[in-house]
Every structure is written in C-alpha cells, then in structure tokens.
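Below: final_38.cif (mmCIF, C-alpha atoms)
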```
data_entry
loop_
_atom_site.group_PDB
_atom_site.id
_atom_site.type_symbol
_atom_site.label_atom_id
_atom_site.label_comp_id
_atom_site.auth_asym_id
_atom_site.auth_seq_id
_atom_site.Cartn_x
_atom_site.Cartn_y
_atom_site.Cartn_z
ATOM 1 C CA MET F 1 -48.582 -8.505 8.107
ATOM 2 C CA LEU F 2 -50.883 -10.517 10.319
ATOM 3 C CA GLN F 3 -48.637 -12.838 12.254
ATOM 4 C CA TYR F 4 -50.342 -13.186 15.654
ATOM 5 C CA HIS F 5 -53.485 -14.971 16.778
ATOM 6 C CA CYS F 6 -56.048 -13.698 19.262
ATOM 7 C CA PRO F 7 -55.846 -16.017 22.289
ATOM 8 C CA ASN F 8 -59.669 -16.076 22.585
ATOM 9 C CA CYS F 9 -60.939 -16.564 19.043
ATOM 10 C CA ASN F 10 -57.746 -17.445 17.132
ATOM 11 C CA ARG F 11 -58.338 -14.595 14.639
ATOM 12 C CA LEU F 12 -55.225 -13.399 12.815
ATOM 13 C CA ILE F 13 -54.134 -9.957 14.017
ATOM 14 C CA GLY F 14 -51.075 -7.743 13.627
ATOM 15 C CA TYR F 15 -50.217 -7.466 17.348
ATOM 16 C CA LYS F 16 -50.011 -9.596 20.487
ATOM 17 C CA GLY F 17 -53.112 -9.677 22.637
ATOM 18 C CA LEU F 18 -56.855 -9.734 22.139
ATOM 19 C CA CYS F 19 -58.418 -8.713 18.832
ATOM 20 C CA TRP F 20 -60.699 -5.656 18.828
ATOM 21 C CA LEU F 21 -63.836 -7.834 18.844
ATOM 22 C CA CYS F 22 -62.741 -9.832 21.880
ATOM 23 C CA LYS F 23 -61.676 -6.606 23.659
ATOM 24 C CA ALA F 24 -65.129 -5.123 23.003
ATOM 25 C CA ASP F 25 -66.820 -8.309 24.227
ATOM 26 C CA LYS F 26 -64.700 -8.254 27.376
ATOM 27 C CA LYS F 27 -65.564 -4.599 28.106
ATOM 28 C CA ARG F 28 -69.269 -5.257 27.463
ATOM 29 C CA GLU F 29 -69.242 -8.246 29.822
ATOM 30 C CA GLN F 30 -67.521 -6.172 32.497
ATOM 31 C CA ALA F 31 -70.154 -3.443 32.173
ATOM 32 C CA LEU F 32 -73.039 -5.929 32.184
ATOM 33 C CA ASN F 33 -71.714 -7.669 35.305
ATOM 34 C CA LEU F 34 -71.453 -4.546 37.447
ATOM 35 C CA ARG F 35 -72.996 -4.850 40.906
ATOM 36 C CA LYS F 36 -75.706 -2.437 41.990
ATOM 37 C CA GLU F 37 -73.208 -0.537 44.171
ATOM 38 C CA GLU F 38 -70.828 -0.150 41.237
ATOM 39 C CA ILE F 39 -73.658 1.148 39.035
ATOM 40 C CA GLU F 40 -74.645 3.704 41.684
ATOM 41 C CA GLU F 41 -70.991 4.726 42.000
ATOM 42 C CA MET F 42 -70.779 5.110 38.225
ATOM 43 C CA GLN F 43 -73.929 7.231 38.222
ATOM 44 C CA LYS F 44 -72.554 9.506 40.963
ATOM 45 C CA TYR F 45 -69.300 9.854 39.041
ATOM 46 C CA CYS F 46 -71.200 10.901 35.888
ATOM 47 C CA ILE F 47 -73.201 13.480 37.846
ATOM 48 C CA GLU F 48 -70.045 14.931 39.430
ATOM 49 C CA HIS F 49 -68.153 15.018 36.119
ATOM 50 C CA VAL F 50 -70.964 15.853 33.706
ATOM 51 C CA GLU F 51 -69.068 18.793 32.232
ATOM 52 C CA GLY F 52 -66.381 16.309 31.140
ATOM 53 C CA LEU F 53 -68.861 14.641 28.800
ATOM 54 C CA ASP F 54 -68.931 17.780 26.670
ATOM 55 C CA CYS F 55 -65.151 17.631 26.289
ATOM 56 C CA MET F 56 -65.343 13.947 25.386
ATOM 57 C CA ARG F 57 -62.679 12.913 27.872
ATOM 58 C CA GLU F 58 -62.320 9.194 27.454
ATOM 59 C CA SER F 59 -62.891 8.035 31.034
ATOM 60 C CA GLU F 60 -66.059 10.122 31.549
ATOM 61 C CA ILE F 61 -67.572 9.256 28.196
ATOM 62 C CA ILE F 62 -67.003 5.534 28.780
ATOM 63 C CA TYR F 63 -68.819 5.804 32.124
ATOM 64 C CA PHE F 64 -71.639 7.739 30.496
ATOM 65 C CA TRP F 65 -72.154 5.258 27.653
ATOM 66 C CA ASN F 66 -71.979 2.322 30.064
ATOM 67 C CA CYS F 67 -74.700 3.976 32.143
ATOM 68 C CA LEU F 68 -76.845 4.625 29.118
ATOM 69 C CA SER F 69 -76.233 1.562 26.987
ATOM 70 C CA TYR F 70 -76.039 -1.260 29.473
ATOM 71 C CA HIS F 71 -77.989 -0.108 32.507
ATOM 72 C CA ASN F 72 -80.279 2.685 31.271
ATOM 73 C CA ILE F 73 -79.649 4.685 34.434
ATOM 74 C CA ILE F 74 -79.624 8.203 33.076
ATOM 75 C CA CYS F 75 -81.548 9.879 35.858
ATOM 76 C CA GLU F 76 -83.184 13.256 36.395
ATOM 77 C CA GLU F 77 -80.396 14.210 38.776
ATOM 78 C CA LEU F 78 -77.841 13.742 35.978
ATOM 79 C CA GLN F 79 -80.036 15.714 33.565
ATOM 80 C CA ARG F 80 -80.416 18.565 36.043
ATOM 81 C CA ALA F 81 -76.669 18.597 36.749
ATOM 82 C CA ALA F 82 -75.936 18.669 33.013
ATOM 83 C CA VAL F 83 -78.258 21.575 32.264
ATOM 84 C CA LYS F 84 -76.978 23.483 35.314
ATOM 85 C CA LYS F 85 -73.370 23.089 34.138
ATOM 86 C CA GLU F 86 -74.394 23.861 30.537
ATOM 87 C CA ALA F 87 -73.236 20.459 29.289
ATOM 88 C CA TYR F 88 -75.290 20.029 26.122
ATOM 89 C CA TYR F 89 -73.314 17.235 24.536
ATOM 90 C CA PRO F 90 -73.885 14.350 24.201
ATOM 91 C CA CYS F 91 -77.556 15.096 23.756
ATOM 92 C CA ALA F 92 -78.547 11.575 24.914
ATOM 93 C CA ILE F 93 -78.265 12.905 28.478
ATOM 94 C CA TYR F 94 -81.585 14.650 27.926
ATOM 95 C CA TYR F 95 -83.615 11.672 26.699
ATOM 96 C CA LYS F 96 -87.125 12.118 28.166
ATOM 97 C CA ALA F 97 -85.865 14.780 30.581
ATOM 98 C CA PRO F 98 -88.380 16.327 33.017
ATOM 99 C CA GLU F 99 -90.198 19.581 32.265
ATOM 100 C CA ASP F 100 -87.930 21.795 34.393
ATOM 101 C CA VAL F 101 -84.897 20.581 32.454
ATOM 102 C CA ARG F 102 -86.727 21.103 29.155
ATOM 103 C CA ASP F 103 -87.644 24.634 30.180
ATOM 104 C CA SER F 104 -84.010 25.365 31.055
ATOM 105 C CA LEU F 105 -82.940 24.053 27.635
ATOM 106 C CA ILE F 106 -85.517 26.266 25.915
ATOM 107 C CA ALA F 107 -84.392 29.331 27.899
ATOM 108 C CA ALA F 108 -80.750 28.608 27.037
ATOM 109 C CA LEU F 109 -81.634 28.203 23.344
ATOM 110 C CA MET F 110 -83.583 31.449 23.205
ATOM 111 C CA ASN F 111 -80.625 33.349 24.709
ATOM 112 C CA CYS F 112 -77.906 31.556 22.738
ATOM 113 C CA ASN F 113 -75.587 33.396 20.328
ATOM 114 C CA ASP F 114 -73.249 30.507 19.514
ATOM 115 C CA VAL F 115 -74.048 28.284 16.515
ATOM 116 C CA ARG F 116 -72.441 25.157 17.951
ATOM 117 C CA ILE F 117 -74.143 25.464 21.327
ATOM 118 C CA ALA F 118 -77.493 26.296 19.717
ATOM 119 C CA SER F 119 -77.206 23.199 17.561
ATOM 120 C CA HIS F 120 -76.513 21.055 20.633
ATOM 121 C CA LEU F 121 -79.428 22.654 22.476
ATOM 122 C CA MET F 122 -81.777 21.800 19.629
ATOM 123 C CA GLU F 123 -80.525 18.221 19.644
ATOM 124 C CA CYS F 124 -81.148 18.120 23.401
ATOM 125 C CA LEU F 125 -84.696 19.344 22.909
ATOM 126 C CA ALA F 126 -85.211 16.707 20.229
ATOM 127 C CA MET F 127 -84.004 14.043 22.674
ATOM 128 C CA GLN F 128 -86.302 15.409 25.371
ATOM 129 C CA GLY F 129 -89.033 14.910 22.821
ATOM 130 C CA ASP F 130 -92.257 16.194 24.340
ATOM 131 C CA ASP F 131 -94.892 18.348 22.618
ATOM 132 C CA LYS F 132 -93.531 21.624 23.990
ATOM 133 C CA SER F 133 -90.073 20.847 22.561
ATOM 134 C CA LEU F 134 -91.637 20.234 19.155
ATOM 135 C CA GLU F 135 -93.691 23.414 19.505
ATOM 136 C CA ILE F 136 -90.526 25.457 20.166
ATOM 137 C CA LEU F 137 -88.757 23.914 17.179
ATOM 138 C CA LEU F 138 -91.748 24.630 14.952
ATOM 139 C CA GLU F 139 -91.876 28.213 16.266
ATOM 140 C CA LEU F 140 -88.231 28.671 15.297
ATOM 141 C CA LYS F 141 -89.109 27.333 11.855
ATOM 142 C CA LYS F 142 -91.824 30.026 11.533
ATOM 143 C CA ILE F 143 -89.301 32.698 12.528
ATOM 144 C CA GLN F 144 -87.002 31.499 9.763
ATOM 145 C CA GLU F 145 -89.819 31.563 7.203
ATOM 146 C CA SER F 146 -90.738 35.119 8.182
ATOM 147 C CA GLY F 147 -87.307 36.301 7.064
ATOM 148 C CA GLU F 148 -85.763 37.043 10.447
ATOM 149 C CA LYS F 149 -82.087 36.169 10.833
ATOM 150 C CA ILE F 150 -81.326 32.864 12.491
ATOM 151 C CA TYR F 151 -78.295 30.631 12.285
ATOM 152 C CA MET F 152 -78.222 28.460 9.158
ATOM 153 C CA LEU F 153 -76.846 25.448 11.017
ATOM 154 C CA ILE F 154 -79.801 25.519 13.389
ATOM 155 C CA LEU F 155 -82.220 25.737 10.479
ATOM 156 C CA ILE F 156 -80.705 22.753 8.726
ATOM 157 C CA PHE F 157 -80.894 20.677 11.878
ATOM 158 C CA MET F 158 -84.390 21.892 12.696
ATOM 159 C CA GLN F 159 -85.743 21.176 9.227
ATOM 160 C CA ASN F 160 -84.336 17.651 9.290
ATOM 161 C CA TRP F 161 -85.642 16.962 12.799
ATOM 162 C CA VAL F 162 -89.111 18.415 12.211
ATOM 163 C CA VAL F 163 -89.504 16.589 8.885
ATOM 164 C CA GLY F 164 -88.326 13.359 10.528
ATOM 165 C CA HIS F 165 -90.723 13.873 13.429
ATOM 166 C CA LEU F 166 -93.656 14.606 11.101
ATOM 167 C CA ILE F 167 -92.847 11.531 8.995
ATOM 168 C CA LYS F 168 -92.878 9.410 12.161
ATOM 169 C CA MET F 169 -96.228 10.947 13.115
ATOM 170 C CA GLU F 170 -97.648 10.187 9.644
ATOM 171 C CA LYS F 171 -96.405 6.591 9.823
ATOM 172 C CA LEU F 172 -97.954 6.227 13.270
ATOM 173 C CA GLN F 173 -101.269 7.582 11.974
ATOM 174 C CA LEU F 174 -101.099 5.213 8.994
ATOM 175 C CA HIS F 175 -100.566 2.259 11.325
ATOM 176 C CA VAL F 176 -103.501 3.368 13.479
ATOM 177 C CA VAL F 177 -105.752 3.768 10.399
ATOM 178 C CA GLN F 178 -104.713 0.339 9.080
ATOM 179 C CA ALA F 179 -105.345 -1.261 12.465
ATOM 180 C CA VAL F 180 -108.836 0.296 12.683
ATOM 181 C CA SER F 181 -109.779 -0.608 9.100
#
```
Mind turning the file's structure into structure tokens?
Amino acid sequence: MLQYHCPNCNRLIGYKGLCWLCKADKKREQALNLRKEEIEEMQKYCIEHVEGLDCMRESEIIYFWNCLSYHNIICEELQRAAVKKEAYYPCAIYYKAPEDVRDSLIAALMNCNDVRIASHLMECLAMQGDDKSLEILLELKKIQESGEKIYMLILIFMQNWVVGHLIKMEKLQLHVVQAVS
C-alpha cells in the first residue's frame, strides 16, 4: 500500500524517502556537477579498476557509466588498459578505439576458444567500428559459409551486426542519392 509521499515531488510511494525518479534525478545532477578534478579522478579510478567493469561490481560500473554518459571521457588510456587486462565487457569501453586496441581485439578474437568471451570481443569490434573491424567480421562470416566450425553464438551476433551495418550503409547511400537528385 502506498502510504508515503516523496518529499520532492509528492508522488505516492510505499517507503519513506525519495521516489526512484527523484533519486535518479539527484544522482544525475551530482554527476553533471562534478568538477574537472573529480572527473579526472573518476577517469583514473576507472583505468585502475577496469577489470571490475567485467564483473559488474556496482561502484565501478557506476563510475564507468558516469564517465561515458555524462562526460564522454572514455579515453584511449582506458581502452588500452581494458584490452591489456582482457576486460571485454561492457563493450562501450571500445567505442572508436584506436587502431592498436582494435588490433589487440582482433588478435584476441582469433585466438579465443570461449563462446562468451568471443561474443564480447565481437561486440567490442562492432563498437570500435572502423572498416577493418567490419572486414574481420565479414571474413568470419565467409568462414561460416564455407562450412568450417565456428561458435553458433558468434554467428548469430555477427549476422545481426553485419546486416544492421549494411542496412545503415544502404540508408546512408539512399540519403546521399536523394540529396544529389
């Protein structure tokens, strides 16, 4: 039974304190109002504890998402630390990662024997998103079509990502053609 009111918005809730919406707003405001020094400290913490992101420990993942969502400060140093410590989840770490990080991801994928890790590596390559990443994913697709054994989970992910990427490319080409016409 909802017998309490949120002190901020007066919404009926079943407990004393702030409602979930006001709590989320408060946390967002705190993250948005961080000083430059606090942001740099947060970034250093993420780099030092990057392997914790893979385990989804609450404190590290909150720091990571604050870095990414509110300040867009995922840096090459964090990406290099993540690939060095083999932290492949969350894949957002690798968004537009530099070539050396991409090459490390490709090497790890080609030597991987674990379905879960291979799936994460492919997601990381998709987040990295350059032409060589797409080329590798398409090459793996050709291997699958030739009848060689490859993990089914990887194939499902790869097919969805490649089809999605090609659809985006077709839409982009359609927009370009319409703009020229």
Within 12 Å of (-91.8, 25.8, 22.4), all atoms listed in the file: residues as a PyMOL selection string? chain F and resi 99+102-107+109-110+122+125-126+129-142
Once the PyMOL selection byres ((chain F and resi 2) around 7) has been applied to the shown file, what residues remain in the selection, as an MDAnalysis selection string? chainID F and resid 1 3:4 12:14
Taking the file as I've supplied it (selection: the PyMOL selection byres ((chain F and resi 89) around 12)), which residues are included? Please answer as a ChimeraX atom specification. /F:50-57,61,64,79,82-83,85-88,90-95,116-125,127
Keeping only C-alpha atoms, write those residues as an mmCIF file, in the coordinates of the input.
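As a result, result.cif now contains:
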```cif
data_model
loop_
_atom_site.group_PDB
_atom_site.id
_atom_site.type_symbol
_atom_site.label_atom_id
_atom_site.label_comp_id
_atom_site.auth_asym_id
_atom_site.auth_seq_id
_atom_site.Cartn_x
_atom_site.Cartn_y
_atom_site.Cartn_z
ATOM 1 C CA VAL F 50 -70.964 15.853 33.706
ATOM 2 C CA GLU F 51 -69.068 18.793 32.232
ATOM 3 C CA GLY F 52 -66.381 16.309 31.140
ATOM 4 C CA LEU F 53 -68.861 14.641 28.800
ATOM 5 C CA ASP F 54 -68.931 17.780 26.670
ATOM 6 C CA CYS F 55 -65.151 17.631 26.289
ATOM 7 C CA MET F 56 -65.343 13.947 25.386
ATOM 8 C CA ARG F 57 -62.679 12.913 27.872
ATOM 9 C CA ILE F 61 -67.572 9.256 28.196
ATOM 10 C CA PHE F 64 -71.639 7.739 30.496
ATOM 11 C CA GLN F 79 -80.036 15.714 33.565
ATOM 12 C CA ALA F 82 -75.936 18.669 33.013
ATOM 13 C CA VAL F 83 -78.258 21.575 32.264
ATOM 14 C CA LYS F 85 -73.370 23.089 34.138
ATOM 15 C CA GLU F 86 -74.394 23.861 30.537
ATOM 16 C CA ALA F 87 -73.236 20.459 29.289
ATOM 17 C CA TYR F 88 -75.290 20.029 26.122
ATOM 18 C CA PRO F 90 -73.885 14.350 24.201
ATOM 19 C CA CYS F 91 -77.556 15.096 23.756
ATOM 20 C CA ALA F 92 -78.547 11.575 24.914
ATOM 21 C CA ILE F 93 -78.265 12.905 28.478
ATOM 22 C CA TYR F 94 -81.585 14.650 27.926
ATOM 23 C CA TYR F 95 -83.615 11.672 26.699
ATOM 24 C CA ARG F 116 -72.441 25.157 17.951
ATOM 25 C CA ILE F 117 -74.143 25.464 21.327
ATOM 26 C CA ALA F 118 -77.493 26.296 19.717
ATOM 27 C CA SER F 119 -77.206 23.199 17.561
ATOM 28 C CA HIS F 120 -76.513 21.055 20.633
ATOM 29 C CA LEU F 121 -79.428 22.654 22.476
ATOM 30 C CA MET F 122 -81.777 21.800 19.629
ATOM 31 C CA GLU F 123 -80.525 18.221 19.644
ATOM 32 C CA CYS F 124 -81.148 18.120 23.401
ATOM 33 C CA LEU F 125 -84.696 19.344 22.909
ATOM 34 C CA MET F 127 -84.004 14.043 22.674
#
```
Would you work out the distance separating CA of Glu77 in chain F from CA of Cys46 in chain F, expressed in Å to one decimal?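 So the two atoms, CA of Glu77 in chain F and CA of Cys46 in chain F, lie 10.2 Å apart.
Atom pair CA of Ile39 in chain F / CA of Lys27 in chain F: separated by 14.8 Å.
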For CA of Lys84 in chain F and CA of Lys36 in chain F, determine how far apart the two atoms are, in Å to one decimal place.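 Pair CA of Lys84 in chain F / CA of Lys36 in chain F returns 26.8 Å.
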Write out as an mmCIF file with C-alpha atoms, keeping the file's coordinate frame each polymer residue whose atoms come within 12 Å of range 19-24 of chain F, counting only C-alpha atoms; drop sequence neighbours fewer than 2 positions from it.
```cif
data_model
loop_
_atom_site.group_PDB
_atom_site.id
_atom_site.type_symbol
_atom_site.label_atom_id
_atom_site.label_comp_id
_atom_site.auth_asym_id
_atom_site.auth_seq_id
_atom_site.Cartn_x
_atom_site.Cartn_y
_atom_site.Cartn_z
ATOM 1 C CA LEU F 2 -50.883 -10.517 10.319
ATOM 2 C CA TYR F 4 -50.342 -13.186 15.654
ATOM 3 C CA HIS F 5 -53.485 -14.971 16.778
ATOM 4 C CA CYS F 6 -56.048 -13.698 19.262
ATOM 5 C CA PRO F 7 -55.846 -16.017 22.289
ATOM 6 C CA ASN F 8 -59.669 -16.076 22.585
ATOM 7 C CA CYS F 9 -60.939 -16.564 19.043
ATOM 8 C CA ASN F 10 -57.746 -17.445 17.132
ATOM 9 C CA ARG F 11 -58.338 -14.595 14.639
ATOM 10 C CA LEU F 12 -55.225 -13.399 12.815
ATOM 11 C CA ILE F 13 -54.134 -9.957 14.017
ATOM 12 C CA GLY F 14 -51.075 -7.743 13.627
ATOM 13 C CA TYR F 15 -50.217 -7.466 17.348
ATOM 14 C CA LYS F 16 -50.011 -9.596 20.487
ATOM 15 C CA GLY F 17 -53.112 -9.677 22.637
ATOM 16 C CA LYS F 26 -64.700 -8.254 27.376
ATOM 17 C CA LYS F 27 -65.564 -4.599 28.106
ATOM 18 C CA ARG F 28 -69.269 -5.257 27.463
ATOM 19 C CA GLU F 29 -69.242 -8.246 29.822
ATOM 20 C CA GLN F 30 -67.521 -6.172 32.497
ATOM 21 C CA ALA F 31 -70.154 -3.443 32.173
#
```
